[in-house]
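**Student:** Input file: query_24.csv. Contents: CSV, C-alpha atoms.
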chain,number,residue,atom,x,y,z
A,1442,THR,CA,15.7,13.5,8.5
A,1443,ALA,CA,13.5,10.8,7.0
A,1444,ALA,CA,13.7,8.8,3.8
A,1445,PHE,CA,10.1,8.2,2.5
A,1446,PHE,CA,9.7,5.3,0.0
A,1447,ASP,CA,6.7,4.6,-2.2
A,1448,PHE,CA,6.0,0.9,-2.3
A,1449,ASP,CA,4.7,-0.5,-5.7
A,1450,GLY,CA,7.2,0.0,-8.4
A,1451,THR,CA,9.7,1.7,-6.1
A,1452,LEU,CA,10.6,-0.9,-3.4
A,1453,ILE,CA,9.2,-3.8,-5.3
A,1454,ALA,CA,8.9,-4.7,-8.9
A,1455,GLY,CA,5.3,-4.6,-10.1
A,1456,PHE,CA,2.1,-4.0,-8.3
A,1457,SER,CA,1.2,-5.9,-5.2
A,1458,VAL,CA,-2.5,-5.6,-5.8
A,1459,ALA,CA,-2.1,-7.8,-8.9
A,1460,SER,CA,-0.5,-10.6,-6.9
A,1461,PHE,CA,-3.3,-10.4,-4.3
A,1462,MET,CA,-6.1,-10.4,-6.9
A,1463,GLN,CA,-4.5,-13.3,-8.8
A,1464,ARG,CA,-4.1,-15.4,-5.6
A,1465,ARG,CA,-7.6,-14.7,-4.4
A,1466,LEU,CA,-9.2,-15.2,-7.8
A,1467,LEU,CA,-7.3,-18.4,-8.8
A,1468,GLY,CA,-7.8,-19.7,-5.2
A,1469,GLY,CA,-11.5,-19.4,-5.5
A,1470,GLU,CA,-11.6,-17.0,-2.6
A,1471,MET,CA,-13.4,-14.2,-4.4
A,1472,PRO,CA,-17.2,-14.4,-4.4
A,1473,PRO,CA,-18.9,-13.4,-7.7
A,1474,ARG,CA,-20.1,-10.1,-6.2
A,1475,GLU,CA,-16.5,-9.1,-5.3
A,1476,ILE,CA,-15.2,-10.1,-8.8
A,1477,LEU,CA,-17.9,-8.0,-10.4
A,1478,GLU,CA,-17.3,-5.0,-8.2
A,1479,GLN,CA,-13.5,-5.1,-8.7
A,1480,LEU,CA,-14.0,-5.3,-12.5
A,1481,VAL,CA,-16.4,-2.4,-12.5
A,1482,ALA,CA,-14.0,-0.3,-10.4
A,1483,ALA,CA,-11.1,-1.1,-12.7
A,1484,TRP,CA,-13.2,-0.3,-15.8
A,1485,GLU,CA,-14.4,3.0,-14.4
A,1486,TYR,CA,-10.8,4.0,-13.5
A,1487,SER,CA,-9.5,3.0,-17.0
A,1488,ARG,CA,-12.3,5.1,-18.6
A,1489,GLY,CA,-11.4,8.1,-16.5
A,1490,SER,CA,-14.8,8.2,-14.9
A,1491,ALA,CA,-13.3,7.6,-11.4
A,1492,ASP,CA,-10.1,8.9,-9.8
A,1493,PHE,CA,-7.7,6.5,-8.1
A,1494,ALA,CA,-8.9,7.3,-4.6
A,1495,ALA,CA,-12.5,6.5,-5.6
A,1496,THR,CA,-11.3,3.3,-7.2
A,1497,ILE,CA,-9.6,2.2,-4.0
A,1498,GLU,CA,-12.7,3.1,-2.0
A,1499,ARG,CA,-14.8,1.0,-4.4
A,1500,SER,CA,-12.4,-1.9,-4.1
A,1501,ALA,CA,-12.5,-1.7,-0.3
A,1502,GLU,CA,-16.3,-1.8,-0.5
A,1503,SER,CA,-16.2,-5.0,-2.5
A,1504,LEU,CA,-14.4,-6.6,0.5
A,1505,ARG,CA,-17.3,-5.8,2.9
A,1506,SER,CA,-18.0,-8.7,5.2
A,1507,THR,CA,-14.8,-10.5,4.4
A,1508,ALA,CA,-13.0,-11.9,7.5
A,1509,GLU,CA,-9.8,-10.1,8.1
A,1510,SER,CA,-8.1,-13.5,8.5
A,1511,VAL,CA,-8.7,-14.2,4.8
A,1512,LEU,CA,-6.6,-11.1,3.8
A,1513,ALA,CA,-4.0,-11.9,6.5
A,1514,GLU,CA,-3.6,-15.4,5.1
A,1515,ALA,CA,-3.4,-14.0,1.6
A,1516,ALA,CA,-0.9,-11.4,2.7
A,1517,GLN,CA,1.5,-14.1,4.0
A,1518,ASP,CA,1.1,-16.3,1.0
A,1519,VAL,CA,1.5,-13.5,-1.5
A,1520,TYR,CA,4.6,-12.2,0.3
A,1521,GLU,CA,6.2,-15.7,0.4
A,1522,LYS,CA,5.4,-16.6,-3.2
A,1523,ASP,CA,5.7,-13.2,-4.9
A,1524,LEU,CA,6.6,-10.1,-3.1
A,1525,SER,CA,9.7,-11.2,-1.2
A,1526,GLY,CA,11.4,-12.1,-4.5
A,1527,ASN,CA,10.3,-8.8,-6.1
A,1528,ILE,CA,12.2,-6.4,-3.7
A,1529,TYR,CA,14.7,-4.4,-5.7
A,1530,PRO,CA,18.3,-4.9,-4.5
A,1531,GLU,CA,18.7,-1.1,-5.0
A,1532,SER,CA,15.9,-0.5,-2.5
A,1533,ARG,CA,17.7,-2.6,0.1
A,1534,ALA,CA,20.9,-0.6,-0.6
A,1535,LEU,CA,19.1,2.8,-0.4
A,1536,ILE,CA,17.4,1.9,2.9
A,1537,ALA,CA,20.7,0.6,4.3
A,1538,ALA,CA,22.5,3.9,3.3
A,1539,HIS,CA,19.8,6.1,4.9
A,1540,ARG,CA,19.7,3.9,8.0
A,1541,ALA,CA,23.5,4.2,8.3
A,1542,LYS,CA,23.1,8.0,8.3
A,1543,GLY,CA,20.5,7.7,11.1
A,1544,HIS,CA,17.6,8.7,9.0
A,1545,THR,CA,14.1,7.5,9.8
A,1546,ILE,CA,12.8,5.1,7.1
A,1547,VAL,CA,9.1,5.3,6.1
A,1548,ILE,CA,7.1,3.5,3.5
A,1549,VAL,CA,4.2,5.7,2.3
A,1550,SER,CA,1.9,4.0,-0.1
A,1551,SER,CA,-1.7,3.8,-1.5
A,1552,ALA,CA,-1.5,0.0,-1.0
A,1553,THR,CA,-3.1,-1.5,2.1
A,1554,GLN,CA,-1.5,-2.7,5.2
A,1555,TYR,CA,-1.9,-6.3,3.9
A,1556,GLN,CA,0.1,-5.6,0.8
A,1557,VAL,CA,2.9,-3.7,2.6
A,1558,GLN,CA,3.4,-5.3,6.1
A,1559,HIS,CA,5.6,-8.3,5.3
A,1560,VAL,CA,7.9,-6.4,2.9
A,1561,ALA,CA,8.3,-3.7,5.5
A,1562,ALA,CA,9.2,-6.3,8.1
A,1563,GLU,CA,11.7,-7.9,5.9
A,1564,LEU,CA,13.3,-4.5,5.2
A,1565,GLY,CA,13.3,-3.6,8.9
A,1566,VAL,CA,11.0,-0.6,8.2
A,1567,GLU,CA,8.8,0.1,11.2
A,1568,HIS,CA,7.0,3.1,9.9
A,1569,VAL,CA,4.3,2.4,7.3
A,1570,LEU,CA,1.8,5.0,6.1
A,1571,CYS,CA,-0.7,3.3,3.9
A,1572,THR,CA,-4.4,3.0,3.0
A,1573,LYS,CA,-6.0,1.2,5.9
A,1574,LEU,CA,-9.1,-1.0,5.5
A,1575,GLU,CA,-11.5,-0.6,8.4
A,1576,VAL,CA,-12.0,-3.8,10.5
A,1577,LYS,CA,-14.6,-4.3,13.1
A,1578,ASP,CA,-14.9,-7.5,15.1
A,1579,GLY,CA,-12.4,-9.3,12.8
A,1580,THR,CA,-14.4,-8.4,9.6
A,1581,LEU,CA,-13.8,-5.8,7.0
A,1582,THR,CA,-16.5,-3.1,6.9
A,1583,GLY,CA,-16.0,-2.1,3.3
A,1584,ALA,CA,-14.7,1.3,4.4
A,1585,ILE,CA,-11.3,2.9,4.4
A,1586,VAL,CA,-10.0,4.6,7.5
A,1587,PRO,CA,-9.7,8.1,6.0
A,1588,PRO,CA,-7.9,9.4,4.1
A,1589,VAL,CA,-6.9,7.2,1.2
A,1590,CYS,CA,-3.1,7.4,1.2
A,1591,PHE,CA,-2.9,8.7,-2.4
A,1592,GLY,CA,-2.1,12.1,-3.8
A,1593,GLU,CA,-3.0,14.7,-1.2
A,1594,GLY,CA,-3.7,11.9,1.3
A,1595,LYS,CA,-0.1,10.8,1.0
A,1596,VAL,CA,1.1,14.4,1.5
A,1597,SER,CA,-1.1,14.7,4.6
A,1598,ALA,CA,0.1,11.4,6.0
A,1599,ALA,CA,3.7,12.4,5.5
A,1600,ARG,CA,3.2,15.9,7.0
A,1601,GLN,CA,1.4,14.4,10.0
A,1602,PHE,CA,4.2,11.8,10.5
A,1603,ALA,CA,6.8,14.5,10.3
A,1604,ALA,CA,5.1,16.7,12.8
A,1605,GLU,CA,4.6,13.8,15.2
A,1606,HIS,CA,8.3,12.6,14.9
A,1607,GLY,CA,10.2,15.9,14.7
A,1608,ILE,CA,11.1,15.3,11.0
A,1609,LYS,CA,12.1,18.2,8.9
A,1610,LEU,CA,10.6,17.5,5.5
A,1611,GLU,CA,12.9,20.0,3.7
A,1612,ARG,CA,15.9,17.9,4.8
A,1613,SER,CA,14.2,14.6,3.9
A,1614,TYR,CA,14.1,12.3,0.9
A,1615,PHE,CA,11.3,10.7,-1.1
A,1616,TYR,CA,11.7,7.9,-3.7
A,1617,THR,CA,8.9,7.0,-6.1
A,1618,ASP,CA,8.4,5.7,-9.6
A,1619,GLY,CA,5.3,7.7,-10.5
A,1620,GLY,CA,4.3,11.2,-11.4
A,1621,GLU,CA,1.2,10.9,-9.2
A,1622,ASP,CA,3.5,11.4,-6.3
A,1623,ILE,CA,4.8,14.7,-7.4
A,1624,PRO,CA,2.8,16.6,-4.7
A,1625,LEU,CA,4.8,14.7,-2.1
Translate this file's structure into structure tokens.
**Tutor:**
Amino acid sequence: TAAFFDFDGTLIAGFSVASFMQRRLLGGEMPPREILEQLVAAWEYSRGSADFAATIERSAESLRSTAESVLAEAAQDVYEKDLSGNIYPESRALIAAHRAKGHTIVIVSSATQYQVQHVAAELGVEHVLCTKLEVKDGTLTGAIVPPVCFGEGKVSAARQFAAEHGIKLERSYFYTDGGEDIPL
């Protein structure tokens, strides 16, 4: 049996991407090209001319040629200043209750590894299924390691995890705050 948890809005209050964007923008770490590409991606999504997975892919493209160390540093800073204080107490209680029953705890999120990793570590969650940004030689390529962990990509990731770990999905749990996760 597993307990799958969405991340943004479920384990933490708010959306981790906003904290990352704010930190990188206000810290002067976003080159003009990236700012423009991020704004265009958000605008297209808000107009309905791009789905969420396409928006994530476009955002990843805007990070092309960024050193992974930049995101790793941002991840630590955002976690310490923002995310660690935004973990819902109820999330901690639910994870503890499932852990006490011997359930496997899994975070499954459209967020990237940089957004999720430190919260997962604080909560003692070793299994994280998320959108992974492709890195080669310490630099982001601008691509995502398929699939984007959203919608059907989230379902596929959970099914694959279940098959690899002997989890019976019909006996498992899933917590989310959004209707977009209904397929899971």
**Student:** Applying 7 Å and only C-alpha atoms, which residues near His1568 (chain A) remain after dropping the ones on its own chain fewer than 4 positions away? List them as a list in words.
**Tutor:**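 My reading of the contact set: Ile1546, Val1547 and Ile1548 of chain A.
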**Student:** Quick one: everything within 12 Å of region 1468-1474 of chain A, counting all atoms listed in the file, minus sequence neighbours fewer than 3 positions away in the same chain. Send it as a PyMOL selection string.
**Tutor:** chain A and resi 1460-1465+1477-1481+1500+1502-1508+1511-1512+1514-1515+1518-1519
**Student:** Measure the distance from CA of Arg1612 (chain A) to CA of Thr1553 (chain A) in Å and round it to one decimal.
**Tutor:**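 So the two atoms, CA of Arg1612 (chain A) and CA of Thr1553 (chain A), lie 27.3 Å apart.
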**Student:** Skip region 1447-1454 of chain A itself and residues of its chain fewer than 2 positions away, then list as an NGL selection string all residues within 8 Å of it, counting all atoms listed in the file.
**Tutor:** :A and (1445 or 1456-1457 or 1524 or 1527-1529 or 1532 or 1548-1550 or 1552 or 1557 or 1615-1618)
**Student:** For a cut-off of 8 Å around (-9.8, 5.6, 4.3), file coordinates, pick out all residues using all atoms listed in the file and list them as a compact mmCIF listing (two decimals) with C-alpha atoms, in the frame of the given file.
**Tutor:**
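Output saved as out12.txt:
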# COMPACT_ATOMS: atom_id res chain seq x y z
CA GLU A 1498 -12.70 3.10 -2.00
CA THR A 1572 -4.40 3.00 3.00
CA LYS A 1573 -6.00 1.20 5.90
CA LEU A 1574 -9.10 -1.00 5.50
CA GLU A 1575 -11.50 -0.60 8.40
CA ALA A 1584 -14.70 1.30 4.40
CA ILE A 1585 -11.30 2.90 4.40
CA VAL A 1586 -10.00 4.60 7.50
CA PRO A 1587 -9.70 8.10 6.00
CA PRO A 1588 -7.90 9.40 4.10
CA VAL A 1589 -6.90 7.20 1.20
CA CYS A 1590 -3.10 7.40 1.20
**Student:** How many Å separate CA of Gly1619 (chain A) from CA of Ala1534 (chain A)?
**Tutor:** 20.3 Å
**Student:** Enumerate, as an NGL selection string, the protein, DNA and RNA residues whose atoms approach (0.9, -6.4, 6.6) to within 10 Å, taking into account only C-alpha atoms and the coordinate frame of the file.
**Tutor:** :A and (1512-1513 or 1516-1517 or 1520 or 1553-1562 or 1569)
**Student:** Let me see the file: selected residues, C-alpha atoms, as a CSV table (one decimal), keeping the file's coordinate frame.
**Tutor:**
chain,number,residue,atom,x,y,z
A,1512,LEU,CA,-6.6,-11.1,3.8
A,1513,ALA,CA,-4.0,-11.9,6.5
A,1516,ALA,CA,-0.9,-11.4,2.7
A,1517,GLN,CA,1.5,-14.1,4.0
A,1520,TYR,CA,4.6,-12.2,0.3
A,1553,THR,CA,-3.1,-1.5,2.1
A,1554,GLN,CA,-1.5,-2.7,5.2
A,1555,TYR,CA,-1.9,-6.3,3.9
A,1556,GLN,CA,0.1,-5.6,0.8
A,1557,VAL,CA,2.9,-3.7,2.6
A,1558,GLN,CA,3.4,-5.3,6.1
A,1559,HIS,CA,5.6,-8.3,5.3
A,1560,VAL,CA,7.9,-6.4,2.9
A,1561,ALA,CA,8.3,-3.7,5.5
A,1562,ALA,CA,9.2,-6.3,8.1
A,1569,VAL,CA,4.3,2.4,7.3
**Student:** I need the residue nearest Thr1496 (chain A) from this list: A:Ala1483, A:His1539, A:Gln1601, A:Leu1570. Use only C-alpha atoms for the distance.
**Tutor:** A:Ala1483
**Student:** Measuring atom to atom with only C-alpha atoms, identify which of A:Glu1509, A:Glu1531, A:Glu1611, A:Glu1593 is nearest to Asp1578 (chain A).
**Tutor:** A:Glu1509
**Student:** Counting all atoms listed in the file, which of A:Ile1497, A:Phe1446, A:Glu1621, A:Lys1542 gets nearest to Val1566 (chain A)?
**Tutor:**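 Under the stated criterion, the closest residue is A:Phe1446.
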**Student:** State, in Å with one decimal place, the distance from CA of Ala1494 (chain A) to CA of Cys1571 (chain A).
**Tutor:**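 Separation of CA of Ala1494 (chain A) and CA of Cys1571 (chain A): 12.5 Å.
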**Student:** Of the candidates A:Ala1444, A:Gly1583, A:Val1458, A:Phe1591, which shows the shortest atom-to-atom distance to Arg1499 (chain A), using all atoms listed in the file?
**Tutor:**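 That would be A:Gly1583, the residue with the smallest distance to Arg1499 (chain A).
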**Student:** Quick one: of A:Leu1625, A:Ile1536, A:Ala1541, A:Ile1476, who's nearest to Ala1598 (chain A), counting all atoms listed in the file?
**Tutor:**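 Among the listed residues, the smallest separation from Ala1598 (chain A) belongs to A:Leu1625.
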**Student:** What does region 1525-1556 of chain A look like written to a file with N, CA, C and O atoms, as a PDB file, in the first residue's frame?
**Tutor:**
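The file below, out16.pdb, is the result:
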ATOM      1  N   SER A1525      10.136  25.517   3.766  1.00  0.00           N
ATOM      2  CA  SER A1525      10.146  24.783   5.044  1.00  0.00           C
ATOM      3  C   SER A1525       9.071  25.319   5.987  1.00  0.00           C
ATOM      4  O   SER A1525       8.483  24.552   6.752  1.00  0.00           O
ATOM      5  N   GLY A1526       8.797  26.595   5.904  1.00  0.00           N
ATOM      6  CA  GLY A1526       7.762  27.187   6.755  1.00  0.00           C
ATOM      7  C   GLY A1526       6.358  27.059   6.188  1.00  0.00           C
ATOM      8  O   GLY A1526       5.395  27.438   6.855  1.00  0.00           O
ATOM      9  N   ASN A1527       6.248  26.531   4.972  1.00  0.00           N
ATOM     10  CA  ASN A1527       4.941  26.393   4.318  1.00  0.00           C
ATOM     11  C   ASN A1527       4.408  24.974   4.303  1.00  0.00           C
ATOM     12  O   ASN A1527       3.402  24.702   3.654  1.00  0.00           O
ATOM     13  N   ILE A1528       5.080  24.057   4.982  1.00  0.00           N
ATOM     14  CA  ILE A1528       4.595  22.674   5.030  1.00  0.00           C
ATOM     15  C   ILE A1528       3.401  22.623   5.971  1.00  0.00           C
ATOM     16  O   ILE A1528       3.479  23.051   7.122  1.00  0.00           O
ATOM     17  N   TYR A1529       2.303  22.102   5.459  1.00  0.00           N
ATOM     18  CA  TYR A1529       1.093  22.005   6.283  1.00  0.00           C
ATOM     19  C   TYR A1529       1.304  21.024   7.438  1.00  0.00           C
ATOM     20  O   TYR A1529       1.796  19.912   7.225  1.00  0.00           O
ATOM     21  N   PRO A1530       0.909  21.402   8.660  1.00  0.00           N
ATOM     22  CA  PRO A1530       0.996  20.453   9.779  1.00  0.00           C
ATOM     23  C   PRO A1530       0.168  19.196   9.507  1.00  0.00           C
ATOM     24  O   PRO A1530       0.556  18.098   9.913  1.00  0.00           O
ATOM     25  N   GLU A1531      -0.948  19.364   8.812  1.00  0.00           N
ATOM     26  CA  GLU A1531      -1.803  18.211   8.481  1.00  0.00           C
ATOM     27  C   GLU A1531      -1.065  17.232   7.567  1.00  0.00           C
ATOM     28  O   GLU A1531      -1.274  16.013   7.645  1.00  0.00           O
ATOM     29  N   SER A1532      -0.211  17.757   6.700  1.00  0.00           N
ATOM     30  CA  SER A1532       0.590  16.898   5.820  1.00  0.00           C
ATOM     31  C   SER A1532       1.532  16.033   6.641  1.00  0.00           C
ATOM     32  O   SER A1532       1.661  14.827   6.396  1.00  0.00           O
ATOM     33  N   ARG A1533       2.174  16.666   7.604  1.00  0.00           N
ATOM     34  CA  ARG A1533       3.079  15.912   8.474  1.00  0.00           C
ATOM     35  C   ARG A1533       2.313  14.802   9.201  1.00  0.00           C
ATOM     36  O   ARG A1533       2.794  13.672   9.306  1.00  0.00           O
ATOM     37  N   ALA A1534       1.116  15.129   9.679  1.00  0.00           N
ATOM     38  CA  ALA A1534       0.309  14.152  10.416  1.00  0.00           C
ATOM     39  C   ALA A1534      -0.132  13.000   9.512  1.00  0.00           C
ATOM     40  O   ALA A1534      -0.086  11.833   9.924  1.00  0.00           O
ATOM     41  N   LEU A1535      -0.569  13.318   8.295  1.00  0.00           N
ATOM     42  CA  LEU A1535      -0.986  12.262   7.362  1.00  0.00           C
ATOM     43  C   LEU A1535       0.175  11.349   6.994  1.00  0.00           C
ATOM     44  O   LEU A1535       0.028  10.126   6.960  1.00  0.00           O
ATOM     45  N   ILE A1536       1.320  11.944   6.728  1.00  0.00           N
ATOM     46  CA  ILE A1536       2.493  11.128   6.395  1.00  0.00           C
ATOM     47  C   ILE A1536       2.865  10.238   7.577  1.00  0.00           C
ATOM     48  O   ILE A1536       3.126   9.042   7.408  1.00  0.00           O
ATOM     49  N   ALA A1537       2.845  10.781   8.770  1.00  0.00           N
ATOM     50  CA  ALA A1537       3.159   9.984   9.965  1.00  0.00           C
ATOM     51  C   ALA A1537       2.165   8.836  10.143  1.00  0.00           C
ATOM     52  O   ALA A1537       2.557   7.715  10.474  1.00  0.00           O
ATOM     53  N   ALA A1538       0.889   9.110   9.909  1.00  0.00           N
ATOM     54  CA  ALA A1538      -0.140   8.064  10.054  1.00  0.00           C
ATOM     55  C   ALA A1538       0.069   6.952   9.035  1.00  0.00           C
ATOM     56  O   ALA A1538      -0.029   5.760   9.372  1.00  0.00           O
ATOM     57  N   HIS A1539       0.354   7.307   7.798  1.00  0.00           N
ATOM     58  CA  HIS A1539       0.595   6.281   6.774  1.00  0.00           C
ATOM     59  C   HIS A1539       1.884   5.517   7.062  1.00  0.00           C
ATOM     60  O   HIS A1539       1.925   4.291   6.914  1.00  0.00           O
ATOM     61  N   ARG A1540       2.893   6.223   7.492  1.00  0.00           N
ATOM     62  CA  ARG A1540       4.160   5.569   7.814  1.00  0.00           C
ATOM     63  C   ARG A1540       3.961   4.568   8.957  1.00  0.00           C
ATOM     64  O   ARG A1540       4.507   3.457   8.925  1.00  0.00           O
ATOM     65  N   ALA A1541       3.167   4.950   9.963  1.00  0.00           N
ATOM     66  CA  ALA A1541       2.898   4.057  11.102  1.00  0.00           C
ATOM     67  C   ALA A1541       2.184   2.778  10.658  1.00  0.00           C
ATOM     68  O   ALA A1541       2.332   1.736  11.301  1.00  0.00           O
ATOM     69  N   LYS A1542       1.442   2.850   9.560  1.00  0.00           N
ATOM     70  CA  LYS A1542       0.751   1.664   9.031  1.00  0.00           C
ATOM     71  C   LYS A1542       1.634   0.865   8.080  1.00  0.00           C
ATOM     72  O   LYS A1542       1.187  -0.132   7.518  1.00  0.00           O
ATOM     73  N   GLY A1543       2.864   1.336   7.876  1.00  0.00           N
ATOM     74  CA  GLY A1543       3.784   0.621   7.000  1.00  0.00           C
ATOM     75  C   GLY A1543       3.601   0.939   5.526  1.00  0.00           C
ATOM     76  O   GLY A1543       4.134   0.219   4.669  1.00  0.00           O
ATOM     77  N   HIS A1544       2.874   1.983   5.210  1.00  0.00           N
ATOM     78  CA  HIS A1544       2.642   2.346   3.814  1.00  0.00           C
ATOM     79  C   HIS A1544       3.878   3.024   3.219  1.00  0.00           C
ATOM     80  O   HIS A1544       4.617   3.719   3.916  1.00  0.00           O
ATOM     81  N   THR A1545       4.065   2.830   1.952  1.00  0.00           N
ATOM     82  CA  THR A1545       5.127   3.507   1.214  1.00  0.00           C
ATOM     83  C   THR A1545       4.653   4.920   0.908  1.00  0.00           C
ATOM     84  O   THR A1545       3.556   5.115   0.390  1.00  0.00           O
ATOM     85  N   ILE A1546       5.465   5.916   1.222  1.00  0.00           N
ATOM     86  CA  ILE A1546       5.095   7.317   1.018  1.00  0.00           C
ATOM     87  C   ILE A1546       5.778   7.813  -0.256  1.00  0.00           C
ATOM     88  O   ILE A1546       6.989   7.637  -0.436  1.00  0.00           O
ATOM     89  N   VAL A1547       4.979   8.467  -1.130  1.00  0.00           N
ATOM     90  CA  VAL A1547       5.476   8.928  -2.420  1.00  0.00           C
ATOM     91  C   VAL A1547       4.947  10.333  -2.687  1.00  0.00           C
ATOM     92  O   VAL A1547       3.752  10.597  -2.527  1.00  0.00           O
ATOM     93  N   ILE A1548       5.830  11.220  -3.099  1.00  0.00           N
ATOM     94  CA  ILE A1548       5.400  12.525  -3.609  1.00  0.00           C
ATOM     95  C   ILE A1548       5.355  12.401  -5.120  1.00  0.00           C
ATOM     96  O   ILE A1548       6.309  11.922  -5.740  1.00  0.00           O
ATOM     97  N   VAL A1549       4.243  12.812  -5.717  1.00  0.00           N
ATOM     98  CA  VAL A1549       4.088  12.788  -7.173  1.00  0.00           C
ATOM     99  C   VAL A1549       3.627  14.175  -7.603  1.00  0.00           C
ATOM    100  O   VAL A1549       2.558  14.628  -7.210  1.00  0.00           O
ATOM    101  N   SER A1550       4.485  14.871  -8.368  1.00  0.00           N
ATOM    102  CA  SER A1550       4.252  16.287  -8.619  1.00  0.00           C
ATOM    103  C   SER A1550       4.735  16.722  -9.994  1.00  0.00           C
ATOM    104  O   SER A1550       5.732  16.198 -10.501  1.00  0.00           O
ATOM    105  N   SER A1551       4.059  17.716 -10.537  1.00  0.00           N
ATOM    106  CA  SER A1551       4.530  18.326 -11.788  1.00  0.00           C
ATOM    107  C   SER A1551       5.733  19.235 -11.525  1.00  0.00           C
ATOM    108  O   SER A1551       6.439  19.619 -12.449  1.00  0.00           O
ATOM    109  N   ALA A1552       5.986  19.570 -10.284  1.00  0.00           N
ATOM    110  CA  ALA A1552       7.140  20.402  -9.925  1.00  0.00           C
ATOM    111  C   ALA A1552       8.432  19.655 -10.258  1.00  0.00           C
ATOM    112  O   ALA A1552       8.441  18.437 -10.439  1.00  0.00           O
ATOM    113  N   THR A1553       9.529  20.401 -10.318  1.00  0.00           N
ATOM    114  CA  THR A1553      10.819  19.791 -10.624  1.00  0.00           C
ATOM    115  C   THR A1553      11.490  19.261  -9.357  1.00  0.00           C
ATOM    116  O   THR A1553      11.083  19.578  -8.238  1.00  0.00           O
ATOM    117  N   GLN A1554      12.534  18.512  -9.577  1.00  0.00           N
ATOM    118  CA  GLN A1554      13.298  17.962  -8.458  1.00  0.00           C
ATOM    119  C   GLN A1554      13.839  19.073  -7.566  1.00  0.00           C
ATOM    120  O   GLN A1554      13.956  18.905  -6.357  1.00  0.00           O
ATOM    121  N   TYR A1555      14.137  20.218  -8.140  1.00  0.00           N
ATOM    122  CA  TYR A1555      14.697  21.322  -7.354  1.00  0.00           C
ATOM    123  C   TYR A1555      13.660  21.901  -6.398  1.00  0.00           C
ATOM    124  O   TYR A1555      13.996  22.342  -5.308  1.00  0.00           O
ATOM    125  N   GLN A1556      12.410  21.893  -6.803  1.00  0.00           N
ATOM    126  CA  GLN A1556      11.344  22.413  -5.961  1.00  0.00           C
ATOM    127  C   GLN A1556      10.996  21.446  -4.836  1.00  0.00           C
ATOM    128  O   GLN A1556      10.662  21.872  -3.734  1.00  0.00           O
TER     129      GLN A1556
END
